[in-house]
Amino acid sequence: MLQLNFIREHEQEVVDRLAVKNFEGREIIRNIVELDDKRRETQKQLDDIQAQSNLLAREIGFLIKSGKNSEANLLKEKTGKLKEQAKGLEVAFESVKKALDDLLVRIPNLPHSTVPRGKSPEDNVVVLQEGSVVPVATTAVPHWDLTTRYDLIDFITGNKITGAGFPLYKGKGARLQRALINFFLDEALRAGYQEVQPPYLVNAASAFATGQLPDKDAQMYYVGLDDLYLIPTAEVPVTNIYRDTILKIQDLPVMNVAYSACFRREAGSYGKDVRGLNRLHQFDKVEIVQIAHPDSSYEILETMREYVSGLLRKLELPFRIVKLCGGDMGFTSALTYDMEVWSPAQARWLEVSSISNFETFQSNRLKLRFKDETGKIHLAHTLNGSALALPRIVAALLENFQTPEGIRIPEALIPYTGFEVIK
RNA sequence: GGAGAGAUGGCAGAGUGGUCGAUUGCGGCGGUCUUGAAAACCGUUGACCUGCAAGGGUCCGGGGGUUCGAAUCCCUCUCUCUCCGCCA
């Protein structure tokens with residue numbers, strides 16, 4: 001959520017920057033400023049009445065104590081009138097505030113000044129590409145055939161147990177999953193992240209604070225009986241650890257890493273997008289989250305990008321880094337890099353990580369702040385990234401390292417799998 | 001799931017209708033003393049809205065009510081603890 005004061009003071013700039021995200025905001029921003037004017041005015045009136053009432057109540061107290069009951073009763077009549085006025089103003093205040101909030105939550109985050117303009121993924125900017133990308137016409141077997149050939153993943157049985165998008169990992173397939181999770185967690189630990197294990201269900205307040213509500217509620221599984229949501233990413237519970245907190249400046253940056261299963265409804269997805277491991281309803285992911293000082297958050301974003309690049313290098317996968325254009329960016333993000341690995345059998349890039357700086361957009365909802373050296377309180381910046389999402393990594397490993405003798409396991413992973421090849 | 005108790009500032013813990021945003025202790029911060037530290041002593045120490053400021057307003061788990069006035073009384077929800085039941 002954008003900060004009201006910033007909107008008030010930079011109305012034109014806000015409108016212009018929203019345009020980069022293809023969000024036409026002139027009218028709604030004007031509306032917000034006007035509603036806020038109204039809100040302030042109403043609150044001033046309400047405060048004045050409250051101040052008068054407080055004063056009178058105090059006087060009445062003194063009068064009653066000194067036995068001057070008739071004088072006290074006279075003042076009581078006055079307060080009665082004030083009360084009526086206050087009631088009317090309160091109703092007005094609440095309705096203005098609600099209207100204001102309803103508009104405010106619909107405004108996406110402002111893109112960073114370096115975010116390229118654009119409407120669709122074609123307008124994204126490739127900032128780096130590494131590794132050998134085998135051209136389209138090869139004999140590469142798609143991962144969904146390899147998983148069957150080597151009995152790694154049973155999509156059919158997963159379908160029987162739950163439904164499409166809930167695969168059953170078996171044998172070396174299951175062990176490869178576990179190896180990757182441990183590898184990613186260990187690497188993050190080495191990089192200075194603190195490991196946490198969050199709940200997989202969150203309440204509405206948490207989902208709202210990180211921006212999943214009210215914008216993307218159709219994406220989350222909802223447990224109505226208990227009014228809880230299954231997490232679409234560990235970002236939600238991990239970031240919410242710090243909801244309603246004021247950190248000490250010396251605690252920054254906070255670095256957390258968490259493994260979790262992730263649950264996404266993915267309503268409306270179809271075709272090649274959901275084939276095999278491309279898009280699942282349940283998948284595993286290791287997520288890194290940082291809470292940073294505003295002055296260093298973009299530096300930290302680069303270190304996170306470099307960190308994830310390092311993981312992909314250790315896995316020996318061809319990958320590229322894409323800077324998202326305004327139109328392809330998420331609602332809450334100010335700047336996002338997507339990390340994509342090459343799928344030789346599908347001849348396309350698969351997104352395995354999305355690394356974003358949310359600046360104060362989440363922390364404003366989270367009320368996540370820090371106290372500077374002078375004791376002043378500011379909103380912190382939040383950042384996160386996948387490090388990494390498993391299914392497409394598995395797909396890329398299988399497709400890139402397939403040989404006539406089986407699937408080769410990259411060097412760095414062998415200590416974790418305990419096997420060097422899948423035959 | 002049943003019975004009882006409770007929810008107050010970073011923590012502990014007072015406060016049961018009137019100047020209480022809240023006694024006190026610990027912790028934190030600043031200072032005196034010290035070569036330095038500890039101890040001791042002195043001072044200071046919540047957040048939010050509004051205002052140039054002075055100031056004003058709100059907040060004692062959430063919501064509602066009684067009252068001129070609520071941390072304090074009433075209703076309700078949530079959560080925590082203890083005991084019982086069930087259980088990985």
# chains A, B, ... in the order shown; residues from 1 in each chain; ligands from 1
$ interface_residues --of "chain A" --to "chain B" --cutoff "8 Å" --atoms "only C-alpha atoms (C1' of nucleotides)" --output "NGL selection string"
:A and (40 or 43-44 or 47-48 or 50-51 or 54 or 56-58 or 60-61 or 75-76 or 79-80)
$ write_last_selection --atoms "N, CA, C and O atoms" --output "PDB file, in the first residue's frame"
ATOM      1  N   ARG A  40      -9.327  14.420   7.113  1.00  0.00           N
ATOM      2  CA  ARG A  40      -8.622  15.286   8.059  1.00  0.00           C
ATOM      3  C   ARG A  40      -9.549  16.322   8.663  1.00  0.00           C
ATOM      4  O   ARG A  40      -9.504  16.584   9.865  1.00  0.00           O
ATOM      5  N   GLN A  43     -11.807  14.720  11.126  1.00  0.00           N
ATOM      6  CA  GLN A  43     -11.122  14.350  12.346  1.00  0.00           C
ATOM      7  C   GLN A  43     -10.834  15.564  13.227  1.00  0.00           C
ATOM      8  O   GLN A  43     -10.938  15.488  14.449  1.00  0.00           O
ATOM      9  N   LYS A  44     -10.507  16.659  12.586  1.00  0.00           N
ATOM     10  CA  LYS A  44     -10.258  17.887  13.341  1.00  0.00           C
ATOM     11  C   LYS A  44     -11.495  18.277  14.135  1.00  0.00           C
ATOM     12  O   LYS A  44     -11.416  18.566  15.330  1.00  0.00           O
ATOM     13  N   ASP A  47     -12.015  15.838  16.949  1.00  0.00           N
ATOM     14  CA  ASP A  47     -11.047  16.040  18.030  1.00  0.00           C
ATOM     15  C   ASP A  47     -11.418  17.236  18.894  1.00  0.00           C
ATOM     16  O   ASP A  47     -11.279  17.204  20.114  1.00  0.00           O
ATOM     17  N   ASP A  48     -11.878  18.286  18.241  1.00  0.00           N
ATOM     18  CA  ASP A  48     -12.269  19.492  18.989  1.00  0.00           C
ATOM     19  C   ASP A  48     -13.417  19.202  19.945  1.00  0.00           C
ATOM     20  O   ASP A  48     -13.403  19.619  21.107  1.00  0.00           O
ATOM     21  N   GLN A  50     -14.250  16.311  21.085  1.00  0.00           N
ATOM     22  CA  GLN A  50     -13.728  15.397  22.105  1.00  0.00           C
ATOM     23  C   GLN A  50     -12.993  16.186  23.192  1.00  0.00           C
ATOM     24  O   GLN A  50     -13.138  15.908  24.385  1.00  0.00           O
ATOM     25  N   ALA A  51     -12.201  17.167  22.766  1.00  0.00           N
ATOM     26  CA  ALA A  51     -11.437  17.971  23.713  1.00  0.00           C
ATOM     27  C   ALA A  51     -12.374  18.731  24.647  1.00  0.00           C
ATOM     28  O   ALA A  51     -12.145  18.796  25.856  1.00  0.00           O
ATOM     29  N   ASN A  54     -13.912  16.276  27.108  1.00  0.00           N
ATOM     30  CA  ASN A  54     -12.950  15.882  28.131  1.00  0.00           C
ATOM     31  C   ASN A  54     -12.838  16.939  29.221  1.00  0.00           C
ATOM     32  O   ASN A  54     -12.773  16.634  30.406  1.00  0.00           O
ATOM     33  N   LEU A  56     -15.111  19.211  30.032  1.00  0.00           N
ATOM     34  CA  LEU A  56     -16.349  19.258  30.800  1.00  0.00           C
ATOM     35  C   LEU A  56     -16.424  18.110  31.805  1.00  0.00           C
ATOM     36  O   LEU A  56     -16.821  18.305  32.956  1.00  0.00           O
ATOM     37  N   ALA A  57     -16.046  16.929  31.330  1.00  0.00           N
ATOM     38  CA  ALA A  57     -16.113  15.760  32.215  1.00  0.00           C
ATOM     39  C   ALA A  57     -15.250  15.982  33.444  1.00  0.00           C
ATOM     40  O   ALA A  57     -15.611  15.626  34.563  1.00  0.00           O
ATOM     41  N   ARG A  58     -14.108  16.608  33.228  1.00  0.00           N
ATOM     42  CA  ARG A  58     -13.197  16.887  34.321  1.00  0.00           C
ATOM     43  C   ARG A  58     -13.849  17.862  35.313  1.00  0.00           C
ATOM     44  O   ARG A  58     -13.850  17.640  36.517  1.00  0.00           O
ATOM     45  N   ILE A  60     -17.017  18.452  35.731  1.00  0.00           N
ATOM     46  CA  ILE A  60     -18.133  17.807  36.417  1.00  0.00           C
ATOM     47  C   ILE A  60     -17.631  16.990  37.586  1.00  0.00           C
ATOM     48  O   ILE A  60     -18.230  16.997  38.675  1.00  0.00           O
ATOM     49  N   GLY A  61     -16.545  16.320  37.378  1.00  0.00           N
ATOM     50  CA  GLY A  61     -15.949  15.533  38.443  1.00  0.00           C
ATOM     51  C   GLY A  61     -15.643  16.388  39.666  1.00  0.00           C
ATOM     52  O   GLY A  61     -16.001  16.034  40.797  1.00  0.00           O
ATOM     53  N   LEU A  75     -23.823  21.278  33.420  1.00  0.00           N
ATOM     54  CA  LEU A  75     -22.765  20.916  32.474  1.00  0.00           C
ATOM     55  C   LEU A  75     -23.072  19.610  31.758  1.00  0.00           C
ATOM     56  O   LEU A  75     -22.726  19.428  30.600  1.00  0.00           O
ATOM     57  N   LYS A  76     -23.748  18.716  32.465  1.00  0.00           N
ATOM     58  CA  LYS A  76     -24.096  17.427  31.858  1.00  0.00           C
ATOM     59  C   LYS A  76     -24.940  17.619  30.609  1.00  0.00           C
ATOM     60  O   LYS A  76     -24.803  16.881  29.629  1.00  0.00           O
ATOM     61  N   THR A  79     -22.683  18.379  27.714  1.00  0.00           N
ATOM     62  CA  THR A  79     -21.965  17.243  27.168  1.00  0.00           C
ATOM     63  C   THR A  79     -22.889  16.350  26.353  1.00  0.00           C
ATOM     64  O   THR A  79     -22.469  15.731  25.385  1.00  0.00           O
ATOM     65  N   GLY A  80     -24.142  16.309  26.755  1.00  0.00           N
ATOM     66  CA  GLY A  80     -25.111  15.522  25.985  1.00  0.00           C
ATOM     67  C   GLY A  80     -25.186  15.991  24.551  1.00  0.00           C
ATOM     68  O   GLY A  80     -25.188  15.186  23.617  1.00  0.00           O
TER      69      GLY A  80
END
$ residues_around --residues "A12 of chain B" --least-positions-apart "3" --cutoff "12 Å" --atoms "only C-alpha atoms (C1' of nucleotides)" --output "list in words"
U8, G9, U24, G25, C26 and G27 of chain B
$ write_last_selection --atoms "N, CA, C and O atoms (P, O5', C5', C4', C3', O3' and C1' of nucleotides)" --output "tab-separated table (two decimals), in the first residue's frame"
chain	number	residue	atom	x	y	z
B	8	U	P	-1.26	-8.57	29.13
B	8	U	O5'	-1.73	-7.09	29.48
B	8	U	C5'	-2.08	-6.20	28.42
B	8	U	C4'	-2.02	-4.79	28.92
B	8	U	C3'	-0.62	-4.27	29.23
B	8	U	O3'	0.02	-3.78	28.07
B	8	U	C1'	-2.07	-3.73	31.01
B	9	G	P	1.37	-4.52	27.51
B	9	G	O5'	2.37	-3.30	27.30
B	9	G	C5'	2.97	-3.07	26.00
B	9	G	C4'	3.74	-1.79	26.08
B	9	G	C3'	5.22	-1.94	26.46
B	9	G	O3'	6.09	-1.52	25.40
B	9	G	C1'	4.10	-0.40	27.89
B	24	U	P	7.03	5.30	39.41
B	24	U	O5'	7.44	3.85	39.92
B	24	U	C5'	7.63	3.59	41.31
B	24	U	C4'	7.81	2.12	41.55
B	24	U	C3'	8.99	1.49	40.79
B	24	U	O3'	10.23	1.74	41.44
B	24	U	C1'	7.09	0.11	40.57
B	25	G	P	11.55	1.80	40.57
B	25	G	O5'	11.84	0.27	40.26
B	25	G	C5'	12.14	-0.63	41.34
B	25	G	C4'	12.19	-2.05	40.82
B	25	G	C3'	13.13	-2.27	39.64
B	25	G	O3'	14.48	-2.42	40.05
B	25	G	C1'	11.05	-3.29	39.18
B	26	C	P	15.66	-1.93	39.12
B	26	C	O5'	15.63	-2.99	37.92
B	26	C	C5'	15.97	-4.35	38.17
B	26	C	C4'	15.66	-5.20	36.95
B	26	C	C3'	16.34	-4.77	35.66
B	26	C	O3'	17.69	-5.20	35.60
B	26	C	C1'	14.07	-5.22	35.22
B	27	G	P	18.79	-4.28	34.92
B	27	G	O5'	18.35	-4.32	33.39
B	27	G	C5'	18.41	-5.54	32.64
B	27	G	C4'	17.72	-5.36	31.31
B	27	G	C3'	18.24	-4.21	30.46
B	27	G	O3'	19.42	-4.56	29.75
B	27	G	C1'	15.88	-4.12	30.52
$ select_by_dssp --residues "segment 224-267 of chain A" --states "helix (DSSP H, G or I)" --output "PyMOL selection string"
chain A and resi 235-240+249-251
$ residues_around --residues "Gln194 of chain A" --least-positions-apart "5" --cutoff "12 Å" --atoms "only C-alpha atoms (C1' of nucleotides)" --output "MDAnalysis selection string"
chainID A and resid 185:189 238 253:259 287:290
$ write_last_selection --atoms "all heavy atoms" --output "tab-separated table (two decimals), in the first residue's frame"
chain	number	residue	atom	x	y	z
A	185	LEU	N	18.78	-25.00	1.27
A	185	LEU	CA	18.80	-24.48	2.65
A	185	LEU	C	20.24	-24.32	3.14
A	185	LEU	O	20.58	-23.29	3.73
A	185	LEU	CB	18.03	-25.42	3.58
A	185	LEU	CG	16.50	-25.35	3.48
A	185	LEU	CD1	15.86	-26.44	4.32
A	185	LEU	CD2	15.98	-23.98	3.91
A	186	ASP	N	21.07	-25.30	2.87
A	186	ASP	CA	22.47	-25.21	3.31
A	186	ASP	C	23.19	-24.03	2.67
A	186	ASP	O	23.96	-23.32	3.31
A	186	ASP	CB	23.22	-26.51	3.00
A	186	ASP	CG	22.85	-27.62	3.98
A	186	ASP	OD1	22.13	-27.31	4.95
A	186	ASP	OD2	23.29	-28.77	3.77
A	187	GLU	N	22.94	-23.85	1.39
A	187	GLU	CA	23.57	-22.73	0.68
A	187	GLU	C	23.14	-21.39	1.31
A	187	GLU	O	23.96	-20.49	1.51
A	187	GLU	CB	23.18	-22.74	-0.80
A	187	GLU	CG	23.83	-23.85	-1.61
A	187	GLU	CD	25.34	-23.65	-1.75
A	187	GLU	OE1	25.77	-22.52	-2.00
A	187	GLU	OE2	26.09	-24.65	-1.59
A	188	ALA	N	21.85	-21.29	1.62
A	188	ALA	CA	21.34	-20.04	2.20
A	188	ALA	C	21.95	-19.80	3.57
A	188	ALA	O	22.31	-18.67	3.92
A	188	ALA	CB	19.81	-20.09	2.30
A	189	LEU	N	22.09	-20.88	4.34
A	189	LEU	CA	22.72	-20.76	5.65
A	189	LEU	C	24.14	-20.23	5.51
A	189	LEU	O	24.56	-19.35	6.25
A	189	LEU	CB	22.74	-22.14	6.32
A	189	LEU	CG	21.76	-22.35	7.48
A	189	LEU	CD1	20.37	-21.88	7.15
A	189	LEU	CD2	21.74	-23.83	7.88
A	238	VAL	N	6.56	-15.83	6.40
A	238	VAL	CA	7.88	-15.37	6.86
A	238	VAL	C	7.90	-13.84	6.99
A	238	VAL	O	8.38	-13.30	7.98
A	238	VAL	CB	9.00	-15.85	5.92
A	238	VAL	CG1	10.33	-15.23	6.31
A	238	VAL	CG2	9.10	-17.36	5.95
A	253	PRO	N	20.34	-5.78	7.86
A	253	PRO	CA	19.16	-6.42	7.29
A	253	PRO	C	18.82	-7.71	7.99
A	253	PRO	O	19.70	-8.43	8.44
A	253	PRO	CB	19.60	-6.71	5.85
A	253	PRO	CG	21.07	-6.92	5.96
A	253	PRO	CD	21.55	-6.04	7.08
A	254	VAL	N	17.53	-8.00	8.10
A	254	VAL	CA	17.08	-9.29	8.59
A	254	VAL	C	17.08	-10.25	7.41
A	254	VAL	O	16.58	-9.90	6.33
A	254	VAL	CB	15.66	-9.18	9.18
A	254	VAL	CG1	15.10	-10.56	9.50
A	254	VAL	CG2	15.66	-8.30	10.42
A	255	MET	N	17.68	-11.42	7.59
A	255	MET	CA	17.77	-12.39	6.50
A	255	MET	C	17.17	-13.71	6.92
A	255	MET	O	17.70	-14.38	7.81
A	255	MET	CB	19.24	-12.60	6.11
A	255	MET	CG	19.97	-11.34	5.67
A	255	MET	SD	21.75	-11.61	5.51
A	255	MET	CE	21.84	-12.50	3.95
A	256	ASN	N	16.08	-14.10	6.31
A	256	ASN	CA	15.43	-15.37	6.63
A	256	ASN	C	15.35	-16.25	5.39
A	256	ASN	O	15.19	-15.75	4.27
A	256	ASN	CB	14.01	-15.14	7.16
A	256	ASN	CG	13.98	-14.67	8.60
A	256	ASN	OD1	13.09	-13.96	9.02
A	256	ASN	ND2	14.99	-15.05	9.37
A	257	VAL	N	15.45	-17.54	5.65
A	257	VAL	CA	15.21	-18.50	4.57
A	257	VAL	C	14.25	-19.54	5.10
A	257	VAL	O	14.29	-19.90	6.28
A	257	VAL	CB	16.51	-19.17	4.09
A	257	VAL	CG1	17.20	-19.92	5.21
A	257	VAL	CG2	16.23	-20.10	2.92
A	258	ALA	N	13.35	-19.97	4.24
A	258	ALA	CA	12.38	-20.98	4.66
A	258	ALA	C	12.08	-21.93	3.51
A	258	ALA	O	11.91	-21.49	2.37
A	258	ALA	CB	11.09	-20.33	5.13
A	259	TYR	N	12.03	-23.21	3.86
A	259	TYR	CA	11.47	-24.17	2.91
A	259	TYR	C	10.00	-24.30	3.24
A	259	TYR	O	9.60	-24.30	4.41
A	259	TYR	CB	12.13	-25.55	3.05
A	259	TYR	CG	11.20	-26.64	2.59
A	259	TYR	CD1	10.99	-26.83	1.22
A	259	TYR	CD2	10.47	-27.40	3.49
A	259	TYR	CE1	10.08	-27.78	0.78
A	259	TYR	CE2	9.57	-28.35	3.05
A	259	TYR	CZ	9.37	-28.53	1.69
A	259	TYR	OH	8.46	-29.45	1.27
A	287	GLU	N	12.56	-20.18	-0.01
A	287	GLU	CA	12.36	-18.75	-0.23
A	287	GLU	C	13.31	-17.96	0.67
A	287	GLU	O	13.48	-18.28	1.84
A	287	GLU	CB	10.89	-18.41	0.12
A	287	GLU	CG	10.51	-16.96	-0.09
A	287	GLU	CD	10.14	-16.62	-1.52
A	287	GLU	OE1	10.19	-17.54	-2.37
A	287	GLU	OE2	9.83	-15.46	-1.80
A	288	ILE	N	13.91	-16.93	0.10
A	288	ILE	CA	14.71	-16.03	0.93
A	288	ILE	C	13.98	-14.69	1.06
A	288	ILE	O	13.39	-14.19	0.11
A	288	ILE	CB	16.14	-15.80	0.36
A	288	ILE	CG1	16.10	-15.42	-1.12
A	288	ILE	CG2	17.00	-17.03	0.57
A	288	ILE	CD1	17.47	-15.11	-1.71
A	289	VAL	N	14.00	-14.17	2.28
A	289	VAL	CA	13.30	-12.93	2.59
A	289	VAL	C	14.27	-12.01	3.32
A	289	VAL	O	14.97	-12.45	4.23
A	289	VAL	CB	12.07	-13.19	3.49
A	289	VAL	CG1	11.42	-11.89	3.94
A	289	VAL	CG2	11.05	-14.06	2.76
A	290	GLN	N	14.31	-10.76	2.91
A	290	GLN	CA	15.14	-9.81	3.64
A	290	GLN	C	14.35	-8.56	4.01
A	290	GLN	O	13.47	-8.12	3.27
A	290	GLN	CB	16.36	-9.39	2.80
A	290	GLN	CG	17.39	-10.50	2.62
A	290	GLN	CD	18.81	-9.96	2.50
A	290	GLN	OE1	19.19	-9.01	3.18
A	290	GLN	NE2	19.60	-10.59	1.65
$ residues_around --residues "G62 of chain B" --least-positions-apart "5" --cutoff "12 Å" --atoms "only C-alpha atoms (C1' of nucleotides)" --output "list in words"
A7, U76, C77, U78 and C79 of chain B
$ write_last_selection --atoms "C-alpha atoms (C1' of nucleotides)" --output "PDB file, in the first residue's frame"
ATOM      1  C1'   A B   7      -5.214 -10.895  28.586  1.00  0.00           C
ATOM      2  C1'   U B  76     -19.626 -10.372  22.789  1.00  0.00           C
ATOM      3  C1'   C B  77     -15.552 -12.379  20.007  1.00  0.00           C
ATOM      4  C1'   U B  78     -10.533 -14.015  19.903  1.00  0.00           C
ATOM      5  C1'   C B  79      -6.398 -15.802  22.247  1.00  0.00           C
TER       6        C B  79
END
$ closest_residue --among "A:His10, A:Lys68, A:Arg313, A:Lys97" --to "Lys38 of chain A" --atoms "only C-alpha atoms"
A:Lys97
$ residues_around --residues "segment 84-88 of chain B" --least-positions-apart "3" --cutoff "10 Å" --atoms "only C-alpha atoms (C1' of nucleotides)" --output "compact mmCIF listing (two decimals) with all heavy atoms, in the first residue's frame"
# COMPACT_ATOMS: atom_id res chain seq x y z
P G B 1 -13.35 -27.48 19.75
OP1 G B 1 -13.97 -27.57 18.48
OP2 G B 1 -13.00 -26.27 20.43
O5' G B 1 -14.10 -28.41 20.79
C5' G B 1 -15.46 -28.79 20.64
C4' G B 1 -15.74 -29.80 21.71
O4' G B 1 -14.63 -30.75 21.77
C3' G B 1 -15.80 -29.24 23.12
O3' G B 1 -17.08 -28.70 23.41
C2' G B 1 -15.48 -30.47 23.97
O2' G B 1 -16.60 -31.33 24.08
C1' G B 1 -14.40 -31.15 23.11
N9 G B 1 -13.05 -30.72 23.51
C8 G B 1 -12.16 -29.99 22.78
N7 G B 1 -11.04 -29.76 23.41
C5 G B 1 -11.20 -30.38 24.65
C6 G B 1 -10.34 -30.48 25.75
O6 G B 1 -9.18 -30.00 25.87
N1 G B 1 -10.90 -31.19 26.80
C2 G B 1 -12.15 -31.74 26.78
N2 G B 1 -12.53 -32.38 27.89
N3 G B 1 -12.98 -31.66 25.75
C4 G B 1 -12.44 -30.98 24.73
P G B 2 -17.22 -27.51 24.50
OP1 G B 2 -18.59 -27.00 24.43
OP2 G B 2 -16.07 -26.59 24.32
O5' G B 2 -17.03 -28.28 25.88
C5' G B 2 -18.11 -29.02 26.44
C4' G B 2 -17.72 -29.52 27.82
O4' G B 2 -16.50 -30.31 27.71
C3' G B 2 -17.36 -28.44 28.82
O3' G B 2 -18.50 -27.86 29.44
C2' G B 2 -16.48 -29.21 29.81
O2' G B 2 -17.27 -30.01 30.67
C1' G B 2 -15.70 -30.13 28.86
N9 G B 2 -14.43 -29.51 28.47
C8 G B 2 -14.11 -28.94 27.26
N7 G B 2 -12.88 -28.46 27.21
C5 G B 2 -12.37 -28.75 28.47
C6 G B 2 -11.08 -28.48 29.01
O6 G B 2 -10.12 -27.92 28.47
N1 G B 2 -10.98 -28.92 30.33
C2 G B 2 -11.98 -29.54 31.02
N2 G B 2 -11.69 -29.89 32.28
N3 G B 2 -13.18 -29.80 30.53
C4 G B 2 -13.30 -29.38 29.26
P A B 3 -18.42 -26.31 29.90
OP1 A B 3 -19.79 -25.93 30.33
OP2 A B 3 -17.73 -25.54 28.84
O5' A B 3 -17.48 -26.37 31.18
C5' A B 3 -17.94 -26.97 32.39
C4' A B 3 -16.88 -26.91 33.45
O4' A B 3 -15.71 -27.66 33.01
C3' A B 3 -16.31 -25.52 33.73
O3' A B 3 -17.12 -24.73 34.58
C2' A B 3 -14.97 -25.87 34.38
O2' A B 3 -15.14 -26.30 35.72
C1' A B 3 -14.53 -27.05 33.51
N9 A B 3 -13.70 -26.60 32.38
C8 A B 3 -14.08 -26.40 31.07
N7 A B 3 -13.11 -25.96 30.31
C5 A B 3 -12.02 -25.87 31.16
C6 A B 3 -10.69 -25.48 30.96
N6 A B 3 -10.20 -25.09 29.79
N1 A B 3 -9.86 -25.50 32.02
C2 A B 3 -10.33 -25.88 33.20
N3 A B 3 -11.57 -26.28 33.53
C4 A B 3 -12.37 -26.26 32.44
$ select_by_dssp --residues "segment 81-277 of chain A" --states "strand (DSSP E or B)" --output "count of residues only"
34
$ decode --residues "segment 18-52 of chain A" --atoms "C-alpha atoms" --output "tab-separated table (two decimals), in the first residue's frame"
chain	number	residue	atom	x	y	z
A	18	LEU	CA	1.67	4.16	-12.28
A	19	ALA	CA	1.36	4.63	-16.00
A	20	VAL	CA	4.56	2.58	-16.42
A	21	LYS	CA	2.58	-0.29	-14.91
A	22	ASN	CA	-0.23	0.52	-17.34
A	23	PHE	CA	-2.37	1.67	-14.45
A	24	GLU	CA	-4.49	4.70	-15.28
A	25	GLY	CA	-4.54	6.43	-11.91
A	26	ARG	CA	-5.31	10.09	-12.44
A	27	GLU	CA	-8.92	9.92	-11.32
A	28	ILE	CA	-8.51	7.50	-8.46
A	29	ILE	CA	-5.51	9.38	-7.07
A	30	ARG	CA	-7.41	12.66	-7.20
A	31	ASN	CA	-10.24	10.92	-5.41
A	32	ILE	CA	-7.92	9.66	-2.72
A	33	VAL	CA	-6.49	13.09	-2.03
A	34	GLU	CA	-9.95	14.61	-1.81
A	35	LEU	CA	-11.18	11.88	0.51
A	36	ASP	CA	-8.15	12.38	2.69
A	37	ASP	CA	-8.83	16.11	2.87
A	38	LYS	CA	-12.31	15.26	4.00
A	39	ARG	CA	-10.96	12.76	6.48
A	40	ARG	CA	-8.62	15.29	8.06
A	41	GLU	CA	-11.30	17.92	8.26
A	42	THR	CA	-13.74	15.53	9.92
A	43	GLN	CA	-11.12	14.35	12.35
A	44	LYS	CA	-10.26	17.89	13.34
A	45	GLN	CA	-13.88	18.59	14.13
A	46	LEU	CA	-14.20	15.35	16.02
A	47	ASP	CA	-11.05	16.04	18.03
A	48	ASP	CA	-12.27	19.49	18.99
A	49	ILE	CA	-15.54	18.13	20.27
A	50	GLN	CA	-13.73	15.40	22.10
A	51	ALA	CA	-11.44	17.97	23.71
A	52	GLN	CA	-14.43	19.99	24.91
